[in-house]
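K.L.:
One file is attached below, final-v4.cif, containing mmCIF, C-alpha atoms and all ligand atoms.
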```
data_upload
#
loop_
_atom_site.label_atom_id
_atom_site.label_comp_id
_atom_site.auth_asym_id
_atom_site.auth_seq_id
_atom_site.Cartn_x
_atom_site.Cartn_y
_atom_site.Cartn_z
CA MET A 1 0.00 0.00 0.00
CA THR A 2 1.41 3.38 -0.89
CA THR A 3 1.23 6.22 1.61
CA PRO A 4 -0.82 9.18 0.33
CA SER A 5 0.91 12.46 -0.48
CA PHE A 6 1.49 15.04 2.25
CA PRO A 7 -1.40 17.34 1.23
CA SER A 8 -3.97 14.55 1.01
CA LEU A 9 -2.77 12.94 4.24
CA LEU A 10 -2.88 16.28 6.04
CA ALA A 11 -6.39 16.86 4.70
CA THR A 12 -7.56 13.45 5.97
CA VAL A 13 -5.97 13.91 9.41
CA THR A 14 -7.33 17.42 9.92
CA SER A 15 -10.83 16.55 8.74
CA GLU A 16 -11.00 13.58 11.14
CA LEU A 17 -9.66 15.73 13.96
CA LYS A 18 -12.24 18.40 13.15
CA GLU A 19 -15.04 15.84 12.96
CA GLU A 20 -14.21 13.70 16.01
CA GLY A 21 -12.09 15.95 18.24
CA TYR A 22 -9.20 13.46 18.03
CA VAL A 23 -7.40 11.30 15.51
CA PHE A 24 -5.22 8.19 15.84
CA LEU A 25 -2.36 7.97 13.32
CA PRO A 26 -0.59 4.69 12.59
CA ALA A 27 3.19 5.14 12.35
CA PRO A 28 3.46 5.13 8.51
CA GLU A 29 1.11 8.11 8.36
CA THR A 30 2.94 9.99 11.12
CA VAL A 31 6.24 9.34 9.35
CA ALA A 32 4.85 10.63 6.05
CA LEU A 33 3.76 13.87 7.74
CA LEU A 34 7.02 14.34 9.64
CA GLN A 35 9.22 13.58 6.63
CA HIS A 36 7.70 16.56 4.91
CA TYR A 37 9.35 18.63 7.65
CA GLY A 38 12.69 16.86 7.56
CA LEU A 39 12.39 14.01 10.09
CA SER A 40 15.79 12.26 10.38
CA HIS A 41 18.16 10.53 12.84
CA TRP A 42 15.26 8.92 14.69
CA ASP A 43 17.48 6.45 16.59
CA GLN A 44 19.55 9.27 18.11
CA PHE A 45 16.37 11.10 19.03
CA SER A 46 14.66 8.11 20.66
CA ASP A 47 17.85 7.07 22.48
CA SER A 48 17.62 10.29 24.53
CA TRP A 49 14.73 8.73 26.50
CA ASN A 50 17.44 6.64 28.19
CA HIS A 51 18.71 9.83 29.85
CA LEU A 52 15.71 11.38 31.63
CA GLY A 53 15.42 12.54 35.26
CA VAL A 54 13.03 11.19 37.91
CA ASP A 55 9.83 13.23 38.35
CA GLN A 56 9.98 14.29 42.03
CA TYR A 57 6.55 15.90 42.08
CA MET A 58 4.27 12.87 41.99
CA ALA A 59 1.65 13.49 44.68
CA ASP A 60 0.94 9.75 44.84
CA GLY A 61 4.55 9.25 46.00
CA GLY A 62 5.43 7.35 42.84
CA LEU A 63 8.94 7.43 41.41
CA TYR A 64 7.91 5.53 38.31
CA ARG A 65 7.88 8.54 35.98
CA ARG A 66 10.97 10.02 34.34
CA ARG A 67 10.82 13.14 32.22
CA ARG A 68 12.42 16.16 30.61
CA TYR A 69 10.70 19.35 29.60
CA ALA A 70 11.15 22.35 27.33
CA THR A 71 9.06 25.15 25.85
CA PHE A 72 9.18 26.65 22.37
CA SER A 73 7.58 29.37 20.32
CA ILE A 74 6.45 28.35 16.82
CA GLU A 75 5.82 31.05 14.27
CA THR A 76 4.79 29.59 10.90
CA ASP A 77 7.75 27.28 10.23
CA HIS A 78 10.12 28.97 12.62
CA VAL A 79 10.79 27.25 15.96
CA THR A 80 12.51 29.08 18.85
CA ARG A 81 13.32 27.52 22.20
CA LYS A 82 12.32 29.58 25.23
CA LYS A 83 14.21 30.11 28.48
CA HIS A 84 13.77 27.14 30.83
CA GLN A 85 10.64 27.58 32.92
CA PRO A 86 8.46 25.61 35.32
CA HIS A 87 5.47 23.60 34.14
CA TYR A 88 2.22 24.81 35.68
CA GLN A 89 -1.22 23.22 35.51
CA SER A 90 -4.08 24.54 37.61
CA ARG A 91 -5.88 22.09 39.87
CA ASP A 92 -8.86 22.49 37.52
CA TYR A 93 -6.90 20.35 35.08
CA ASN A 94 -4.72 18.25 37.33
CA LEU A 95 -6.14 17.50 40.76
CA LEU A 96 -3.28 15.15 41.60
CA ASN A 97 -0.21 17.18 40.67
CA GLY A 98 -1.57 20.59 39.68
CA GLY A 99 -1.56 23.91 41.56
CA ILE A 100 2.22 24.24 41.91
CA GLU A 101 5.07 25.22 39.63
CA ARG A 102 6.97 22.07 38.78
CA TRP A 103 10.60 22.32 37.66
CA PHE A 104 11.69 19.42 35.48
CA SER A 105 15.11 18.67 33.98
CA PRO A 106 15.49 20.54 30.70
CA ILE A 107 15.48 18.66 27.43
CA GLU A 108 19.10 18.19 26.33
CA ASP A 109 20.32 20.76 23.77
CA THR A 110 21.00 18.16 21.08
CA ILE A 111 17.39 16.99 21.39
CA GLY A 112 15.95 20.51 21.65
CA ASN A 113 17.70 21.32 18.35
CA HIS A 114 17.02 17.92 16.76
CA SER A 115 15.55 17.61 13.26
CA ALA A 116 13.01 15.05 14.54
CA LEU A 117 11.71 17.47 17.18
CA ALA A 118 11.65 20.35 14.69
CA ALA A 119 9.61 18.17 12.30
CA ILE A 120 7.20 17.25 15.10
CA LEU A 121 6.72 20.86 16.22
CA LYS A 122 6.21 22.16 12.68
CA THR A 123 3.73 19.39 11.91
CA ALA A 124 1.80 20.10 15.11
CA ALA A 125 1.65 23.83 14.36
CA HIS A 126 0.63 23.14 10.76
CA VAL A 127 -2.25 20.92 11.91
CA ALA A 128 -3.34 23.43 14.56
CA ASN A 129 -3.16 26.30 12.06
CA SER A 130 -5.25 24.45 9.51
CA LEU A 131 -8.00 24.02 12.11
CA THR A 132 -7.88 27.57 13.48
CA PRO A 133 -10.04 30.23 11.81
CA GLU A 134 -8.00 32.99 10.17
CA THR A 135 -9.31 35.59 12.61
CA ARG A 136 -8.18 33.57 15.64
CA LYS A 137 -4.79 32.38 14.36
CA PRO A 138 -2.10 33.34 16.88
CA GLN A 139 1.06 35.14 15.85
CA SER A 140 2.88 32.19 17.36
CA TRP A 141 2.04 29.02 19.30
CA HIS A 142 3.39 28.32 22.78
CA ALA A 143 4.58 24.70 22.68
CA GLU A 144 5.34 22.60 25.74
CA VAL A 145 7.36 19.47 25.05
CA HIS A 146 7.50 16.57 27.49
CA GLN A 147 9.69 13.51 27.19
CA PHE A 148 8.14 10.84 29.43
CA ARG A 149 9.20 7.38 30.55
CA ILE A 150 6.76 5.39 32.67
CA GLU A 151 8.41 2.43 34.36
CA ALA A 152 6.63 -0.67 35.62
CA ASP A 153 7.85 -3.46 37.84
CA PRO A 154 6.08 -6.54 39.24
CA HIS A 155 5.17 -4.61 42.43
CA THR A 156 4.34 -1.19 40.99
CA GLN A 157 2.17 -0.54 37.98
CA GLY A 158 3.32 2.38 35.87
CA ARG A 159 0.55 4.92 35.45
CA PRO A 160 0.96 7.09 32.35
CA THR A 161 -1.89 9.40 33.46
CA PRO A 162 -2.05 9.13 37.28
CA GLU A 163 -4.55 12.01 37.32
CA GLY A 164 -7.00 9.76 35.44
CA MET A 165 -9.18 10.89 32.55
CA HIS A 166 -8.23 14.53 32.00
CA ARG A 167 -7.69 17.49 29.74
CA ASP A 168 -4.30 19.24 29.69
CA GLY A 169 -5.70 22.79 29.82
CA VAL A 170 -4.25 23.79 26.43
CA ASP A 171 -5.60 24.01 22.88
CA TRP A 172 -4.03 20.97 21.20
CA VAL A 173 -2.30 17.81 22.44
CA PHE A 174 -0.05 15.59 20.29
CA VAL A 175 1.21 12.26 21.66
CA PHE A 176 3.89 10.26 19.87
CA MET A 177 4.88 6.74 20.87
CA ILE A 178 8.64 6.40 21.16
CA ARG A 179 9.04 2.88 22.50
CA ARG A 180 7.25 0.14 24.44
CA GLU A 181 9.70 -2.16 26.17
CA ASN A 182 8.40 -5.37 27.80
CA ILE A 183 5.03 -3.88 28.78
CA ARG A 184 1.38 -4.70 28.26
CA GLU A 185 -1.73 -2.52 28.48
CA GLY A 186 -1.27 1.25 28.25
CA VAL A 187 -4.49 1.70 26.27
CA THR A 188 -5.39 5.28 25.36
CA SER A 189 -9.05 6.20 25.61
CA ILE A 190 -10.88 9.31 24.54
CA HIS A 191 -14.00 10.52 26.32
CA ALA A 192 -16.61 13.19 25.65
CA LEU A 193 -16.78 16.25 27.90
CA ASP A 194 -19.26 14.44 30.19
CA GLN A 195 -16.23 12.19 31.00
CA LYS A 196 -18.51 9.14 30.74
CA THR A 197 -19.14 8.59 27.05
CA GLN A 198 -16.18 6.80 25.51
CA LEU A 199 -15.54 8.03 22.00
CA GLY A 200 -12.62 5.78 21.18
CA ALA A 201 -9.84 3.55 22.50
CA PHE A 202 -6.58 2.51 20.87
CA THR A 203 -3.06 1.46 21.76
CA LEU A 204 -0.03 3.40 20.65
CA ALA A 205 1.81 0.17 19.93
CA HIS A 206 4.63 1.04 17.53
CA PRO A 207 7.22 3.81 17.45
CA LEU A 208 5.58 6.90 15.91
CA ASP A 209 2.02 5.71 16.30
CA ALA A 210 0.43 9.00 17.35
CA ALA A 211 -2.71 10.67 18.66
CA PHE A 212 -3.74 14.28 17.95
CA VAL A 213 -6.34 15.70 20.34
CA ASN A 214 -8.46 18.85 20.51
CA ASP A 215 -8.16 19.57 24.25
CA HIS A 216 -11.31 21.72 24.26
CA ARG A 217 -13.50 18.91 22.99
CA VAL A 218 -12.39 15.64 24.57
CA TYR A 219 -10.80 14.07 27.66
CA HIS A 220 -7.96 11.58 27.37
CA GLY A 221 -6.39 8.97 29.62
CA VAL A 222 -4.11 5.95 29.44
CA THR A 223 -4.43 2.69 31.41
CA ALA A 224 -1.58 1.51 33.63
CA VAL A 225 1.24 -0.56 32.20
CA GLU A 226 2.74 -3.73 33.64
CA PRO A 227 5.73 -5.86 32.72
CA VAL A 228 5.25 -8.83 30.40
CA ASP A 229 8.40 -10.50 31.77
CA PRO A 230 8.71 -9.57 35.48
CA ASN A 231 12.47 -10.14 35.42
CA LYS A 232 13.27 -7.57 32.78
CA PRO A 233 13.12 -3.77 32.66
CA ALA A 234 9.70 -2.57 31.52
CA TYR A 235 8.83 0.93 30.35
CA ARG A 236 6.74 3.06 28.01
CA ASP A 237 8.38 6.09 26.38
CA VAL A 238 6.30 8.85 24.80
CA LEU A 239 6.67 12.40 23.58
CA VAL A 240 3.84 14.78 24.42
CA VAL A 241 3.61 18.16 22.72
CA THR A 242 0.93 20.68 23.67
CA LEU A 243 0.12 23.90 21.87
CA ARG A 244 -1.71 26.93 23.10
CA TYR A 245 -2.17 30.49 21.98
CA GLU A 246 0.66 32.75 23.08
FE FE B 1 -2.62 14.64 29.10
#
```
Would you mind writing the file's structure down as structure tokens?

P.N.:
Amino acid sequence: MTTPSFPSLLATVTSELKEEGYVFLPAPETVALLQHYGLSHWDQFSDSWNHLGVDQYMADGGLYRRRRYATFSIETDHVTRKKHQPHYQSRDYNLLNGGIERWFSPIEDTIGNHSALAAILKTAAHVANSLTPETRKPQSWHAEVHQFRIEADPHTQGRPTPEGMHRDGVDWVFVFMIRRENIREGVTSIHALDQKTQLGAFTLAHPLDAAFVNDHRVYHGVTAVEPVDPNKPAYRDVLVVTLRYE
């Protein structure tokens, strides 16, 4: 099967996102979009998930989440990294860990400047721009980029979204699978604003399987992960990019 051209793929993705409030992209489609913006050196990019810092702010006491964080400004196809800053979510959006400024380790410079990340940010902004009416289009998007690793062991489940079904409190959310190592479960589900009606469920199973979400229209959550083989390291690596108006 041949992958459709960039314009027709983008049209399909944006129309589904507009229709449903979210869209699941299998890896070949994500790759086709990102290649348009110069995706390369994926192995170097994904290897950086082996060098994250422990998230010290987990209100459930868990030390099973590793992460790095950075913010960027995206103006058309121009991406600029911002000064390192804390991540803040109000408790309206994150009852578990919200309400405080959380300082995470910065994303390493080589990754902040990486062609794969640039391709991801430009694709995200392109999708968001195509779904934003001309009169509301921001001068630039404020992008928050999170590298996450959720670890699981036989005694502790890894919870990708410990706050449960939630919205991020932004405009758009883009989730890219990086790697699943020796884990099962980790099913993403999408719910309507009543938080009860399930609109969809899927598993980001392969590197670069992705989900694009309109944060105003739907809730999202991911089930806990557990090791397949209890004697081996088990983890789920993802990249989350959020966009909001500057
Ligand atoms: Fe989220």

K.L.:
Have a look at CA of Gln89 (chain A) and CA of His206 (chain A) and let me know their distance in Å, one decimal.

P.N.:
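Between these atoms lies a distance of 29.1 Å.
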
K.L.:
So how far away is CA of Tyr235 (chain A) from CA of Glu108 (chain A), in Å?

P.N.:
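Those two atoms sit 20.5 Å apart.
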
K.L.:
Ligand FE 1 (chain B): which residues are within 9 Å, counting all atoms listed in the file, as a ChimeraX atom specification?

P.N.:
/A:160-161,163,165-169,173,175,215,219-222,240,242

K.L.:
What lies within 8 Å of region 143-155 of chain A using only C-alpha atoms, ignoring chain neighbours under 6 positions off, as a ChimeraX atom specification?

P.N.:
/A:49,52,64-74,107,121,183,225-227,230,233-244

K.L.:
So how far away is CA of Leu10 (chain A) from CA of Leu33 (chain A), in Å?

P.N.:
7.3 Å

K.L.:
Please provide as an mmCIF file with C-alpha atoms, keeping the file's coordinate frame all residues within 9 Å of Lys122 (chain A), with the sequence filter that same-chain residues fewer than 5 positions apart are discarded (counting all atoms listed in the file).

P.N.:
```
data_model
loop_
_atom_site.group_PDB
_atom_site.id
_atom_site.type_symbol
_atom_site.label_atom_id
_atom_site.label_comp_id
_atom_site.auth_asym_id
_atom_site.auth_seq_id
_atom_site.Cartn_x
_atom_site.Cartn_y
_atom_site.Cartn_z
ATOM 1 C CA LEU A 34 7.020 14.340 9.640
ATOM 2 C CA TYR A 37 9.350 18.630 7.650
ATOM 3 C CA ILE A 74 6.450 28.350 16.820
ATOM 4 C CA THR A 76 4.790 29.590 10.900
ATOM 5 C CA ASP A 77 7.750 27.280 10.230
ATOM 6 C CA HIS A 78 10.120 28.970 12.620
ATOM 7 C CA VAL A 79 10.790 27.250 15.960
ATOM 8 C CA LEU A 117 11.710 17.470 17.180
ATOM 9 C CA VAL A 127 -2.250 20.920 11.910
#
```

K.L.:
Ranking A:Thr156, A:Ile178, A:Ala124, A:Thr110 by minimum distance to Val13 (chain A) and counting all atoms listed in the file, which one comes first?

P.N.:
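Ranking A:Thr156, A:Ile178, A:Ala124, A:Thr110 by distance to Val13 (chain A), first place goes to A:Ala124.
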
K.L.:
List every protein, DNA or RNA residue that has an atom no more than 12 Å from (-1.4, 16.2, 6.4) in the file's coordinate frame, counting all atoms listed in the file, and report them as a ChimeraX atom specification.

P.N.:
/A:3-17,23,25,29-37,122-131,212

K.L.:
Using only C-alpha atoms, which of A:Gly21, A:Pro162, A:Pro138, A:Pro86 sits nearest Ile190 (chain A)?

P.N.:
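So, comparing all the options, the nearest one is A:Gly21.
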
K.L.:
Which residue out of A:Gly186, A:Ile111, A:Asp229, A:Ala224 has the minimum interatomic distance to His41 (chain A) when all atoms listed in the file are used?

P.N.:
A:Ile111

K.L.:
Would you compute an axis-aligned box for region 76-84 of chain A, covering every atom listed for it in the file with 3 Å of margin on each side, and report centre and edge lengths in Å to one decimal as JSON?

P.N.:
```
{"center_x": 9.5, "center_y": 28.6, "center_z": 20.5, "size_x": 15.4, "size_y": 9.0, "size_z": 26.6}
```

K.L.:
Between A:Ser90, A:Asn182, A:Thr203, A:Gln85, which is the closest to Thr223 (chain A) once you count only C-alpha atoms?

P.N.:
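For Thr223 (chain A), the nearest of the candidates is A:Thr203.
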
K.L.:
Using only C-alpha atoms for the distances, tell me which of A:Glu20, A:Gly158, A:Asp92, A:His84 is nearest to His191 (chain A).

P.N.:
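Closest candidate: A:Glu20.
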